[in-house]
$ cat work_25.txt   # compact mmCIF, C-alpha atoms and all ligand atoms
# COMPACT_ATOMS: atom_id res chain seq x y z
CA MET L 928 21.21 -19.49 9.68
CA ALA L 929 20.94 -17.58 6.37
CA ASN L 930 19.82 -13.98 6.48
CA PRO L 931 16.25 -13.33 5.38
CA SER L 932 16.08 -12.33 1.72
CA LEU L 933 14.62 -9.16 0.28
CA LEU L 934 14.03 -8.33 -3.38
CA ILE L 935 13.92 -4.60 -4.07
CA LEU L 936 11.95 -3.49 -7.12
CA ALA L 937 12.25 0.29 -7.05
CA GLY L 938 10.30 0.83 -10.28
CA ASP L 939 9.65 4.20 -11.89
CA GLY L 940 9.34 7.91 -11.14
CA ILE L 941 9.85 8.63 -7.44
CA GLY L 942 10.02 4.86 -6.74
CA PRO L 943 13.84 4.74 -6.90
CA GLU L 944 14.11 8.05 -5.00
CA VAL L 945 12.12 6.87 -1.99
CA MET L 946 13.66 3.38 -2.17
CA ASP L 947 17.15 4.88 -1.84
CA GLU L 948 16.16 6.07 1.63
CA VAL L 949 14.79 2.62 2.52
CA LYS L 950 18.12 1.08 1.48
CA ARG L 951 19.92 3.38 3.92
CA ILE L 952 17.49 2.35 6.67
CA ILE L 953 18.07 -1.34 5.87
CA GLY L 954 21.83 -0.64 6.08
CA TRP L 955 21.33 1.00 9.47
CA PHE L 956 19.52 -2.05 10.88
CA GLY L 957 22.40 -4.23 9.64
CA ASP L 958 25.13 -2.03 11.11
CA LYS L 959 23.50 -0.95 14.36
CA ARG L 960 21.04 -3.71 15.23
CA GLY L 961 22.63 -6.79 13.70
CA VAL L 962 19.46 -7.29 11.65
CA SER L 963 20.87 -8.17 8.23
CA PHE L 964 19.12 -9.07 5.01
CA ASP L 965 20.31 -10.58 1.74
CA VAL L 966 19.19 -7.81 -0.57
CA SER L 967 18.90 -8.18 -4.34
CA GLU L 968 17.50 -5.68 -6.82
CA ASP L 969 15.69 -5.91 -10.12
CA LEU L 970 13.44 -3.99 -12.49
CA VAL L 971 9.68 -3.60 -12.63
CA GLY L 972 7.24 -1.40 -14.53
CA GLY L 973 8.48 1.05 -17.13
CA ALA L 974 12.11 0.40 -16.13
CA ALA L 975 11.64 -3.30 -16.97
CA TYR L 976 9.81 -2.42 -20.18
CA ASP L 977 12.70 -0.18 -21.28
CA LYS L 978 15.17 -3.05 -20.84
CA HIS L 979 13.14 -6.16 -21.66
CA GLY L 980 10.05 -4.97 -23.54
CA VAL L 981 7.82 -6.32 -20.75
CA PRO L 982 6.87 -4.70 -17.41
CA LEU L 983 8.06 -7.75 -15.47
CA HIS L 984 10.58 -10.27 -16.75
CA ASP L 985 9.88 -13.95 -16.02
CA ASP L 986 13.21 -14.20 -14.16
CA THR L 987 12.17 -11.33 -11.89
CA MET L 988 8.82 -13.02 -11.27
CA ALA L 989 10.67 -16.23 -10.35
CA LYS L 990 12.94 -14.31 -7.93
CA ALA L 991 9.92 -12.67 -6.30
CA GLN L 992 8.47 -16.13 -5.65
CA GLU L 993 11.65 -17.26 -3.90
CA VAL L 994 12.49 -14.38 -1.56
CA ASP L 995 11.11 -13.83 1.93
CA ALA L 996 9.69 -10.45 0.96
CA VAL L 997 9.55 -8.00 -1.95
CA LEU L 998 9.87 -4.23 -1.43
CA LEU L 999 8.37 -2.23 -4.29
CA GLY L 1000 8.61 1.51 -4.98
CA ALA L 1001 6.08 2.54 -7.62
CA VAL L 1002 5.40 1.96 -11.30
CA GLY L 1003 4.07 3.97 -14.22
CA GLY L 1004 4.43 7.39 -15.76
CA PRO L 1005 3.43 9.49 -18.76
CA LYS L 1006 6.19 8.02 -20.92
CA TYR L 1007 4.32 4.72 -20.89
CA ASP L 1008 0.73 5.97 -21.10
CA ASP L 1009 0.30 5.09 -24.78
CA LEU L 1010 1.75 1.59 -24.59
CA ASP L 1011 -0.42 -1.37 -25.39
CA PHE L 1012 -2.39 -2.31 -22.29
CA SER L 1013 -0.66 -5.71 -22.04
CA VAL L 1014 2.76 -4.13 -21.45
CA LYS L 1015 1.83 -1.10 -19.37
CA PRO L 1016 3.99 -0.72 -16.22
CA GLU L 1017 0.99 -1.28 -13.95
CA ARG L 1018 0.56 -4.76 -15.45
CA GLY L 1019 3.92 -5.74 -13.95
CA LEU L 1020 2.65 -4.89 -10.50
CA LEU L 1021 -0.67 -6.66 -11.05
CA ARG L 1022 1.21 -9.76 -12.21
CA LEU L 1023 3.31 -9.80 -9.03
CA ARG L 1024 0.20 -9.51 -6.88
CA LYS L 1025 -1.67 -12.19 -8.82
CA GLU L 1026 1.09 -14.78 -9.24
CA MET L 1027 2.32 -14.39 -5.66
CA ASP L 1028 -1.36 -14.72 -4.67
CA LEU L 1029 -1.17 -11.70 -2.35
CA PHE L 1030 -4.83 -11.60 -1.51
CA ALA L 1031 -4.76 -9.46 1.66
CA ASN L 1032 -3.62 -5.88 1.16
CA LEU L 1033 -3.24 -4.14 4.52
CA ARG L 1034 -3.38 -0.37 4.25
CA PRO L 1035 -3.15 1.28 7.67
CA ALA L 1036 -4.12 4.93 7.92
CA GLN L 1037 -2.69 6.43 11.08
CA CYS L 1038 -2.56 10.10 11.83
CA PHE L 1039 0.65 11.08 13.58
CA ASP L 1040 -0.11 13.71 16.25
CA ALA L 1041 2.32 16.16 14.67
CA LEU L 1042 0.34 16.06 11.41
CA ALA L 1043 -3.17 16.35 12.84
CA ASP L 1044 -3.20 20.06 12.00
CA PHE L 1045 -2.15 19.36 8.47
CA SER L 1046 -4.96 17.00 7.49
CA SER L 1047 -7.57 18.43 5.14
CA LEU L 1048 -10.07 17.61 7.90
CA LYS L 1049 -10.43 19.36 11.25
CA LYS L 1050 -7.84 18.31 13.80
CA GLU L 1051 -10.38 16.82 16.22
CA LEU L 1052 -11.69 14.50 13.49
CA VAL L 1053 -8.29 12.94 12.76
CA ALA L 1054 -6.15 13.25 15.92
CA GLY L 1055 -5.44 9.70 17.10
CA LEU L 1056 -6.88 8.17 13.94
CA ASP L 1057 -5.86 4.52 13.47
CA ILE L 1058 -7.72 2.60 10.76
CA MET L 1059 -6.73 -0.57 8.98
CA ILE L 1060 -8.16 -1.06 5.50
CA VAL L 1061 -7.96 -4.65 4.27
CA ARG L 1062 -8.34 -4.64 0.50
CA GLU L 1063 -8.87 -7.87 -1.45
CA LEU L 1064 -6.02 -7.72 -3.97
CA THR L 1065 -6.01 -10.64 -6.39
CA SER L 1066 -9.50 -10.65 -7.84
CA GLY L 1067 -12.43 -8.37 -8.63
CA VAL L 1068 -12.70 -5.96 -11.49
CA TYR L 1069 -8.94 -5.51 -12.01
CA PHE L 1070 -8.65 -9.16 -13.02
CA GLY L 1071 -12.14 -10.38 -14.05
CA GLU L 1072 -12.86 -11.75 -17.54
CA PRO L 1073 -14.15 -10.80 -20.02
CA ARG L 1074 -12.27 -7.54 -20.38
CA GLY L 1075 -11.14 -5.37 -23.23
CA ILE L 1076 -12.27 -2.83 -25.78
CA HIS L 1077 -14.09 -4.06 -28.89
CA MET L 1078 -16.39 -2.76 -31.63
CA GLU L 1079 -20.14 -3.16 -31.44
CA ASP L 1080 -22.48 -1.49 -33.92
CA ASN L 1081 -19.66 0.74 -35.12
CA MET L 1082 -18.98 1.90 -31.61
CA ARG L 1083 -16.15 1.11 -29.19
CA VAL L 1084 -17.25 -0.73 -26.08
CA GLY L 1085 -15.03 -1.07 -22.99
CA ILE L 1086 -15.59 -4.03 -20.68
CA ASN L 1087 -14.30 -4.99 -17.26
CA THR L 1088 -15.86 -7.65 -15.11
CA GLN L 1089 -16.35 -7.70 -11.35
CA ARG L 1090 -16.06 -11.35 -10.39
CA TYR L 1091 -15.61 -12.87 -6.94
CA THR L 1092 -15.80 -16.45 -5.76
CA GLU L 1093 -16.89 -17.11 -2.20
CA ALA L 1094 -13.45 -18.61 -1.46
CA GLU L 1095 -11.78 -15.35 -2.49
CA ILE L 1096 -14.10 -13.27 -0.32
CA GLU L 1097 -13.73 -15.69 2.58
CA ARG L 1098 -9.93 -15.78 2.81
CA GLY L 1099 -9.68 -11.98 2.79
CA ALA L 1100 -12.45 -11.81 5.39
CA ARG L 1101 -10.56 -14.19 7.66
CA ALA L 1102 -7.45 -12.00 7.38
CA ALA L 1103 -9.56 -8.95 8.26
CA PHE L 1104 -11.27 -10.65 11.23
CA GLU L 1105 -7.86 -11.87 12.52
CA LEU L 1106 -6.57 -8.30 12.41
CA ALA L 1107 -9.70 -6.99 14.11
CA MET L 1108 -9.14 -9.53 16.92
CA LYS L 1109 -5.71 -8.00 17.55
CA ARG L 1110 -7.10 -4.46 17.47
CA ASP L 1111 -10.37 -2.96 18.65
CA LYS L 1112 -12.50 -5.95 17.54
CA ARG L 1113 -14.63 -3.94 15.12
CA LEU L 1114 -14.94 -4.76 11.44
CA CYS L 1115 -16.89 -2.82 8.82
CA SER L 1116 -17.37 -4.61 5.49
CA MET L 1117 -17.95 -2.34 2.49
CA GLU L 1118 -19.52 -3.30 -0.84
CA LYS L 1119 -22.48 -2.25 -2.94
CA ALA L 1120 -24.94 -5.04 -2.25
CA ASN L 1121 -27.74 -2.65 -3.24
CA VAL L 1122 -26.72 -2.71 -6.91
CA MET L 1123 -24.17 -5.52 -7.43
CA GLU L 1124 -24.64 -9.28 -7.15
CA SER L 1125 -20.98 -9.62 -6.19
CA GLY L 1126 -21.80 -7.25 -3.33
CA ILE L 1127 -24.67 -9.47 -2.17
CA LEU L 1128 -22.34 -12.48 -2.16
CA TRP L 1129 -19.67 -10.41 -0.38
CA ARG L 1130 -22.09 -9.48 2.41
CA ASP L 1131 -23.34 -13.08 2.78
CA VAL L 1132 -19.86 -14.60 2.95
CA VAL L 1133 -18.51 -12.02 5.41
CA THR L 1134 -21.56 -12.64 7.62
CA GLU L 1135 -20.91 -16.40 7.49
CA VAL L 1136 -17.23 -15.98 8.43
CA HIS L 1137 -18.32 -13.77 11.33
CA ALA L 1138 -19.71 -16.91 13.04
CA ASP L 1139 -16.06 -17.91 13.71
CA TYR L 1140 -15.26 -14.51 15.24
CA PRO L 1141 -18.19 -13.78 17.58
CA GLU L 1142 -16.11 -11.34 19.64
CA VAL L 1143 -15.77 -9.01 16.66
CA GLU L 1144 -18.54 -6.47 16.14
CA LEU L 1145 -19.41 -6.67 12.43
CA SER L 1146 -21.16 -3.94 10.45
CA HIS L 1147 -21.90 -3.60 6.73
CA MET L 1148 -21.87 -0.38 4.75
CA TYR L 1149 -22.32 0.54 1.11
CA ALA L 1150 -18.95 1.66 -0.20
CA ASP L 1151 -20.20 5.07 -1.40
CA ASN L 1152 -21.51 5.80 2.07
CA GLY L 1153 -18.19 4.45 3.37
CA ALA L 1154 -16.31 7.11 1.39
CA MET L 1155 -18.56 9.78 2.86
CA GLN L 1156 -18.23 8.40 6.41
CA LEU L 1157 -14.44 8.30 6.06
CA VAL L 1158 -14.36 12.05 5.65
CA ARG L 1159 -17.31 12.77 7.99
CA ALA L 1160 -16.19 10.78 11.03
CA PRO L 1161 -13.20 8.56 10.26
CA LYS L 1162 -12.58 7.52 13.85
CA GLN L 1163 -15.78 5.43 13.84
CA PHE L 1164 -13.77 2.74 11.97
CA ASP L 1165 -11.32 0.16 13.23
CA VAL L 1166 -10.84 -2.43 10.44
CA ILE L 1167 -12.49 -2.00 7.03
CA TYR L 1168 -12.72 -5.00 4.66
CA THR L 1169 -13.48 -4.24 1.04
CA ASP L 1170 -12.86 -5.37 -2.54
CA ASN L 1171 -10.02 -4.56 -4.89
CA LEU L 1172 -11.49 -1.48 -6.61
CA PHE L 1173 -13.28 0.05 -3.62
CA GLY L 1174 -10.17 -0.61 -1.49
CA ASP L 1175 -7.96 1.19 -3.98
CA ILE L 1176 -10.16 4.27 -3.89
CA LEU L 1177 -11.04 4.27 -0.20
CA SER L 1178 -7.39 3.92 0.82
CA ASP L 1179 -6.33 6.95 -1.23
CA CYS L 1180 -9.16 8.80 0.48
CA ALA L 1181 -7.98 7.60 3.91
CA ALA L 1182 -4.45 8.71 2.99
CA MET L 1183 -5.45 12.34 2.94
CA LEU L 1184 -6.90 12.04 6.43
CA THR L 1185 -3.36 11.39 7.63
CA GLY L 1186 -1.94 14.44 5.89
CA SER L 1187 -0.47 13.12 2.64
CA LEU L 1188 -0.46 10.19 0.27
CA GLY L 1189 3.29 10.24 0.88
CA MET L 1190 2.66 8.85 4.39
CA LEU L 1191 0.73 5.64 3.66
CA PRO L 1192 2.43 2.24 3.61
CA SER L 1193 0.97 -1.13 2.68
CA ALA L 1194 1.60 -4.83 3.08
CA SER L 1195 0.27 -7.38 0.62
CA LEU L 1196 0.19 -10.83 2.16
CA GLY L 1197 -0.51 -14.29 0.79
CA VAL L 1198 -0.48 -17.81 2.15
CA PRO L 1199 2.42 -19.04 4.33
CA MET L 1200 5.48 -20.43 2.55
CA GLU L 1201 7.38 -23.55 3.70
CA ASN L 1202 9.32 -21.46 6.23
CA GLY L 1203 6.06 -20.27 7.79
CA ARG L 1204 6.42 -16.71 6.51
CA PRO L 1205 3.58 -15.41 4.36
CA LYS L 1206 4.31 -14.58 0.73
CA ALA L 1207 4.66 -10.83 0.96
CA MET L 1208 5.23 -7.59 -0.87
CA TYR L 1209 5.50 -4.19 0.77
CA GLU L 1210 4.91 -0.93 -1.09
CA PRO L 1211 3.74 2.63 -0.49
CA VAL L 1212 0.13 3.35 -1.43
CA HIS L 1213 1.19 6.23 -3.68
CA GLY L 1214 2.22 5.97 -7.32
CA SER L 1215 5.25 7.19 -9.27
CA ALA L 1216 4.31 10.90 -8.89
CA PRO L 1217 5.59 12.12 -12.28
CA ASP L 1218 4.81 15.72 -11.30
CA ILE L 1219 7.62 15.72 -8.73
CA THR L 1220 9.98 13.06 -10.11
CA GLY L 1221 13.68 13.95 -10.16
CA GLN L 1222 13.27 17.02 -7.96
CA GLY L 1223 14.15 15.55 -4.57
CA LYS L 1224 10.67 16.44 -3.32
CA ALA L 1225 9.22 12.97 -2.69
CA ASN L 1226 8.31 12.05 0.85
CA PRO L 1227 10.06 8.74 1.60
CA ILE L 1228 8.03 8.00 4.74
CA ALA L 1229 5.36 5.79 3.08
CA CYS L 1230 8.09 3.58 1.64
CA ILE L 1231 10.04 3.51 4.91
CA LEU L 1232 6.88 2.66 6.86
CA SER L 1233 6.31 -0.15 4.34
CA PHE L 1234 9.68 -1.57 5.37
CA ALA L 1235 8.54 -1.28 9.00
CA MET L 1236 5.52 -3.39 8.04
CA ALA L 1237 7.94 -5.96 6.52
CA LEU L 1238 9.83 -6.12 9.81
CA ARG L 1239 6.54 -6.72 11.63
CA TYR L 1240 4.61 -9.02 9.30
CA SER L 1241 7.36 -11.00 7.51
CA PHE L 1242 10.18 -11.10 10.01
CA ASP L 1243 8.42 -11.09 13.37
CA MET L 1244 10.50 -8.08 14.46
CA GLY L 1245 7.72 -5.99 15.95
CA GLY L 1246 10.20 -4.32 18.32
CA GLU L 1247 12.38 -3.09 15.46
CA ALA L 1248 9.28 -1.96 13.53
CA ASP L 1249 8.19 0.00 16.63
CA ARG L 1250 11.67 1.57 16.77
CA LEU L 1251 11.48 2.70 13.16
CA GLU L 1252 7.92 4.04 13.51
CA ALA L 1253 8.91 5.87 16.70
CA ALA L 1254 11.85 7.48 14.87
CA ILE L 1255 9.46 8.75 12.20
CA GLU L 1256 7.04 10.01 14.82
CA ALA L 1257 9.93 11.81 16.57
CA VAL L 1258 11.16 13.64 13.46
CA LEU L 1259 7.63 14.73 12.59
CA ALA L 1260 7.13 15.98 16.14
CA ASP L 1261 10.37 17.88 15.69
CA GLY L 1262 8.92 19.64 12.66
CA ALA L 1263 10.66 17.71 9.86
CA ARG L 1264 8.54 18.12 6.72
CA THR L 1265 8.86 17.31 3.05
CA GLY L 1266 6.94 19.65 0.70
CA ASP L 1267 3.77 17.53 0.67
CA LEU L 1268 3.48 18.09 4.44
CA MET L 1269 3.76 21.86 4.36
CA GLY L 1270 0.78 24.13 4.73
CA PRO L 1271 0.15 27.49 3.05
CA GLU L 1272 2.30 29.19 5.70
CA GLY L 1273 5.28 27.74 3.82
CA GLY L 1274 8.80 27.27 5.15
CA THR L 1275 11.71 25.37 3.67
CA PRO L 1276 10.83 21.74 3.04
CA LEU L 1277 13.31 18.93 3.52
CA SER L 1278 14.41 17.04 0.44
CA THR L 1279 13.86 13.28 0.18
CA THR L 1280 17.45 12.63 1.28
CA GLU L 1281 17.29 15.14 4.11
CA MET L 1282 14.19 13.41 5.45
CA GLY L 1283 16.17 10.15 5.30
CA ASP L 1284 19.02 11.86 7.18
CA VAL L 1285 16.86 13.02 10.08
CA ILE L 1286 15.16 9.62 10.38
CA LEU L 1287 18.57 7.92 10.53
CA ALA L 1288 19.66 10.42 13.19
CA ALA L 1289 16.51 9.64 15.19
CA LEU L 1290 17.27 5.92 14.87
CA ASP L 1291 20.77 6.59 16.21
CA ALA L 1292 19.23 8.50 19.10
CA SER L 1293 17.02 5.51 19.88
CA LEU L 1294 20.02 3.29 20.75
N1 LIG L 1301 1.46 1.19 -6.67
C1 LIG L 1301 1.82 1.88 -7.76
O1 LIG L 1301 2.88 1.67 -8.30
C2 LIG L 1301 0.90 2.90 -8.25
C3 LIG L 1301 1.19 3.48 -9.46
N2 LIG L 1301 0.42 4.49 -9.93
C4 LIG L 1301 0.85 5.08 -11.19
O2 LIG L 1301 1.59 6.27 -10.90
C5 LIG L 1301 1.42 7.21 -11.97
C6 LIG L 1301 0.94 8.55 -11.40
O3 LIG L 1301 -0.36 8.37 -10.85
P1 LIG L 1301 -1.12 9.49 -10.00
O4 LIG L 1301 -2.54 9.25 -10.21
O5 LIG L 1301 -0.53 10.82 -10.28
O6 LIG L 1301 -0.85 9.09 -8.47
P2 LIG L 1301 0.41 9.37 -7.54
O7 LIG L 1301 0.16 8.64 -6.27
O8 LIG L 1301 1.66 9.02 -8.24
O9 LIG L 1301 0.40 10.95 -7.26
C7 LIG L 1301 -0.74 11.65 -6.81
C8 LIG L 1301 -0.32 12.98 -6.16
O10 LIG L 1301 0.31 12.71 -4.90
C9 LIG L 1301 1.63 13.22 -4.88
N3 LIG L 1301 2.48 12.23 -4.22
C10 LIG L 1301 2.41 10.89 -4.36
N4 LIG L 1301 3.36 10.30 -3.64
C11 LIG L 1301 4.06 11.28 -3.03
C12 LIG L 1301 5.19 11.28 -2.16
N5 LIG L 1301 5.79 10.16 -1.73
N6 LIG L 1301 5.66 12.47 -1.73
C13 LIG L 1301 5.07 13.62 -2.13
N7 LIG L 1301 3.99 13.69 -2.94
C14 LIG L 1301 3.49 12.51 -3.40
C15 LIG L 1301 2.04 13.38 -6.34
O11 LIG L 1301 3.05 14.35 -6.48
C16 LIG L 1301 0.71 13.72 -6.99
O12 LIG L 1301 0.48 15.11 -6.90
C17 LIG L 1301 0.42 6.57 -12.93
O13 LIG L 1301 1.16 5.99 -13.97
C18 LIG L 1301 -0.27 5.51 -12.09
O14 LIG L 1301 -0.77 4.43 -12.83
C19 LIG L 1301 -0.62 5.01 -9.20
C20 LIG L 1301 -0.94 4.47 -7.99
C21 LIG L 1301 -0.25 3.34 -7.44
C1 LIG L 1302 -1.93 -1.24 -10.18
C2 LIG L 1302 -1.97 0.03 -9.40
C3 LIG L 1302 -1.46 1.17 -10.22
C4 LIG L 1302 -3.36 0.29 -8.86
C5 LIG L 1302 -3.35 1.21 -7.68
O1 LIG L 1302 -3.62 2.37 -7.77
C6 LIG L 1302 -3.04 0.67 -6.37
O2 LIG L 1302 -2.90 -0.54 -6.21
O3 LIG L 1302 -2.98 1.46 -5.42
MG MG L 1303 -4.14 3.23 -5.85
$ encode --input "work_25.txt" --output "structure tokens"
Amino acid sequence: MANPSLLILAGDGIGPEVMDEVKRIIGWFGDKRGVSFDVSEDLVGGAAYDKHGVPLHDDTMAKAQEVDAVLLGAVGGPKYDDLDFSVKPERGLLRLRKEMDLFANLRPAQCFDALADFSSLKKELVAGLDIMIVRELTSGVYFGEPRGIHMEDNMRVGINTQRYTEAEIERGARAAFELAMKRDKRLCSMEKANVMESGILWRDVVTEVHADYPEVELSHMYADNGAMQLVRAPKQFDVIYTDNLFGDILSDCAAMLTGSLGMLPSASLGVPMENGRPKAMYEPVHGSAPDITGQGKANPIACILSFAMALRYSFDMGGEADRLEAAIEAVLADGARTGDLMGPEGGTPLSTTEMGDVILAALDASL
């Protein structure tokens, strides 16, 4: 049988730096576990713009539709900030999400014991934290029409539209309820039904879907209160289901509970393909981090954990995903830290490659 296929789109900034470490991990699984992938690579974001004048070439889009999973690093950077909106690097990523129809973005926020002291919150608030944010990814205000900037009465007006159909809310809700069933059976849906019609519809549809999952305890919360509750008492949550914009913001917020944005992976899943695997893309939650690009400072763990999610959600290799996550937990327990995980007491941080080295050594030790 053919090996499963992976398309790597490393992107911009620290994207290629953290992806280099993932490539070594993929190599390790091939050499030491007999888990091999057909890996191809292509450009996305500013890198694609530099070569093709667009942030995602049609051929790359076609490849992404064919493979079993896409691994993405990050896109964007100051070099591209003044480009026309239609060719900005971020548009390449949005196109992938939209055309692959990756409606369920899973963003787990887990606090490794070794990092509980490092969170910006008190240790007792975050120790043992394990939240799953399910963010709707293909609709909402990032995609709604009308959009744009135009002149009105001699003044520029910027418009974006929050638009959700009940089908879009429903399919994400089902994904979130399914996850809750496999976890602690608690789901909190977050919107702003107090001020937004789309929020009222969101609440109604999630409540309707709940009828099919009576074992799950459902609660509703306004998203602004949700942000506050995430930093007040994050462990009250199990699964959170929210829209594209609120999910983007709330997951960055949840990232800091775990110690660093450099720790948070994500899986973006769509409908099953002919082979039964869901359309899928895996990427760290963080961006291209221009402030640390090219300095060997990037933490590769979010990207490596994203590959662990690929093993689990695309390739049904939960055991291998557990092995990789355990290796990361072991090196953190051993004190391995990139600069983003170091407190004011200082010390010498590991470089991106050195963090890759110790994770590979921990994988070797797991055999
Ligand atoms: N999925 C993606 O490709 C995303 C791309 N972006 C893009 O990235 C560019 C920079 O955006 P920012 O708002 O600065 O967000 P960012 O996530 O790139 O960086 C925010 C802060 O976190 C730090 N950081 C992020 N990842 C890190 C890692 N792995 N290790 C150590 N430190 C890390 C950065 O150094 C920076 O101080 C923009 O062009 C933005 O549009 C932003 C978010 C997501
Ligand atoms: C298109 C991305 C840059 C938006 C974002 O911040 C994210 O998806 O996390
Ligand atoms: Mg974001």
$ atom_distance --input "work_25.txt" --atom1 "CA of Val994 in chain L" --atom2 "CA of Ala1107 in chain L"
28.2 Å
$ closest_atom_pairs --input "work_25.txt" --of "chain L" --to "ligand MG 1303 (chain L)" --cutoff "7 Å" --atoms "only C-alpha atoms and all ligand atoms" --output "Markdown table"
| residue | atom | partner | partner_atom | distance |
| --- | --- | --- | --- | --- |
| L:Asp1175 | CA | L:MG1303 | MG | 4.7 |
| L:Ile1176 | CA | L:MG1303 | MG | 6.4 |
| L:Asp1179 | CA | L:MG1303 | MG | 6.3 |
| L:Val1212 | CA | L:MG1303 | MG | 6.1 |
| L:His1213 | CA | L:MG1303 | MG | 6.5 |
$ write_last_selection --input "work_25.txt" --atoms "C-alpha atoms" --output "PDB file, in the coordinates of the input"
ATOM      1  CA  ASP L1175      -7.960   1.190  -3.980  1.00  0.00           C
ATOM      2  CA  ILE L1176     -10.160   4.270  -3.890  1.00  0.00           C
ATOM      3  CA  ASP L1179      -6.330   6.950  -1.230  1.00  0.00           C
ATOM      4  CA  VAL L1212       0.130   3.350  -1.430  1.00  0.00           C
ATOM      5  CA  HIS L1213       1.190   6.230  -3.680  1.00  0.00           C
TER       6      HIS L1213
END
$ closest_atom_pairs --input "work_25.txt" --of "chain L" --to "ligand LIG 1302 (chain L)" --cutoff "9 Å" --atoms "all atoms listed in the file" --output "tab-separated table"
residue	atom	partner	partner_atom	distance
L:Ala1001	CA	L:LIG1302	C3	8.1
L:Val1002	CA	L:LIG1302	C3	7.0
L:Gly1003	CA	L:LIG1302	C3	7.4
L:Pro1016	CA	L:LIG1302	C3	8.3
L:Glu1017	CA	L:LIG1302	C1	4.8
L:Arg1018	CA	L:LIG1302	C1	6.8
L:Gly1019	CA	L:LIG1302	C1	8.3
L:Leu1020	CA	L:LIG1302	C1	5.9
L:Leu1021	CA	L:LIG1302	C1	5.6
L:Leu1064	CA	L:LIG1302	O2	8.1
L:Tyr1069	CA	L:LIG1302	C1	8.4
L:Asn1171	CA	L:LIG1302	O2	8.3
L:Leu1172	CA	L:LIG1302	C4	8.6
L:Gly1174	CA	L:LIG1302	O3	8.5
L:Asp1175	CA	L:LIG1302	O3	5.2
L:Ile1176	CA	L:LIG1302	O1	7.8
L:Ser1178	CA	L:LIG1302	O3	8.0
L:Asp1179	CA	L:LIG1302	O3	7.7
L:Pro1211	CA	L:LIG1302	O3	8.4
L:Val1212	CA	L:LIG1302	O3	5.4
L:His1213	CA	L:LIG1302	O3	6.6
L:Gly1214	CA	L:LIG1302	C3	6.7
$ residues_around --input "work_25.txt" --residues "Ile941 in chain L" --least-positions-apart "5" --cutoff "7 Å" --atoms "all atoms listed in the file" --output "list of chain:residue names"
L:Ser1215, L:Ala1216, L:Thr1220, L:Ala1225
$ closest_residue --input "work_25.txt" --among "L:Ser1195, L:Thr1265, L:Gln992, L:Ser1116" --to "ligand LIG 1301 (chain L)" --atoms "all atoms listed in the file"
L:Thr1265
$ closest_residue --input "work_25.txt" --among "L:Cys1230, L:Leu1056, L:Ala1254, L:Ala1031" --to "Gly1099 in chain L" --atoms "all atoms listed in the file"
L:Ala1031
$ closest_residue --input "work_25.txt" --among "L:Leu999, L:Val1061, L:Ile1096, L:Ile1086" --to "ligand LIG 1301 (chain L)" --atoms "all atoms listed in the file"
L:Leu999
$ atom_distance --input "work_25.txt" --atom1 "CA of Ala1207 in chain L" --atom2 "CA of Val1136 in chain L"
23.7 Å
$ decode --input "work_25.txt" --residues "range 988-998 of chain L" --atoms "N, CA and C atoms" --output "PDB file, in the first residue's frame"
ATOM      1  N   MET L 988      -2.459  24.781  -4.638  1.00  0.00           N
ATOM      2  CA  MET L 988      -3.816  24.540  -4.133  1.00  0.00           C
ATOM      3  C   MET L 988      -4.290  23.148  -4.563  1.00  0.00           C
ATOM      4  N   ALA L 989      -4.019  22.821  -5.841  1.00  0.00           N
ATOM      5  CA  ALA L 989      -4.444  21.506  -6.356  1.00  0.00           C
ATOM      6  C   ALA L 989      -3.743  20.381  -5.593  1.00  0.00           C
ATOM      7  N   LYS L 990      -2.436  20.562  -5.317  1.00  0.00           N
ATOM      8  CA  LYS L 990      -1.698  19.531  -4.563  1.00  0.00           C
ATOM      9  C   LYS L 990      -2.292  19.351  -3.173  1.00  0.00           C
ATOM     10  N   ALA L 991      -2.626  20.501  -2.545  1.00  0.00           N
ATOM     11  CA  ALA L 991      -3.175  20.438  -1.178  1.00  0.00           C
ATOM     12  C   ALA L 991      -4.482  19.640  -1.153  1.00  0.00           C
ATOM     13  N   GLN L 992      -5.236  19.729  -2.242  1.00  0.00           N
ATOM     14  CA  GLN L 992      -6.512  18.995  -2.311  1.00  0.00           C
ATOM     15  C   GLN L 992      -6.289  17.500  -2.453  1.00  0.00           C
ATOM     16  N   GLU L 993      -5.116  17.116  -2.968  1.00  0.00           N
ATOM     17  CA  GLU L 993      -4.880  15.693  -3.266  1.00  0.00           C
ATOM     18  C   GLU L 993      -4.239  14.916  -2.126  1.00  0.00           C
ATOM     19  N   VAL L 994      -3.418  15.611  -1.304  1.00  0.00           N
ATOM     20  CA  VAL L 994      -2.647  14.872  -0.293  1.00  0.00           C
ATOM     21  C   VAL L 994      -3.519  14.455   0.894  1.00  0.00           C
ATOM     22  N   ASP L 995      -2.946  13.558   1.700  1.00  0.00           N
ATOM     23  CA  ASP L 995      -3.685  13.115   2.893  1.00  0.00           C
ATOM     24  C   ASP L 995      -3.688  14.182   3.976  1.00  0.00           C
ATOM     25  N   ALA L 996      -2.626  14.987   4.032  1.00  0.00           N
ATOM     26  CA  ALA L 996      -2.611  16.078   5.015  1.00  0.00           C
ATOM     27  C   ALA L 996      -1.584  17.128   4.603  1.00  0.00           C
ATOM     28  N   VAL L 997      -1.874  18.370   4.967  1.00  0.00           N
ATOM     29  CA  VAL L 997      -0.947  19.483   4.740  1.00  0.00           C
ATOM     30  C   VAL L 997      -0.353  19.878   6.089  1.00  0.00           C
ATOM     31  N   LEU L 998       0.966  20.127   6.113  1.00  0.00           N
ATOM     32  CA  LEU L 998       1.592  20.710   7.318  1.00  0.00           C
ATOM     33  C   LEU L 998       2.031  22.117   6.947  1.00  0.00           C
TER      34      LEU L 998
END
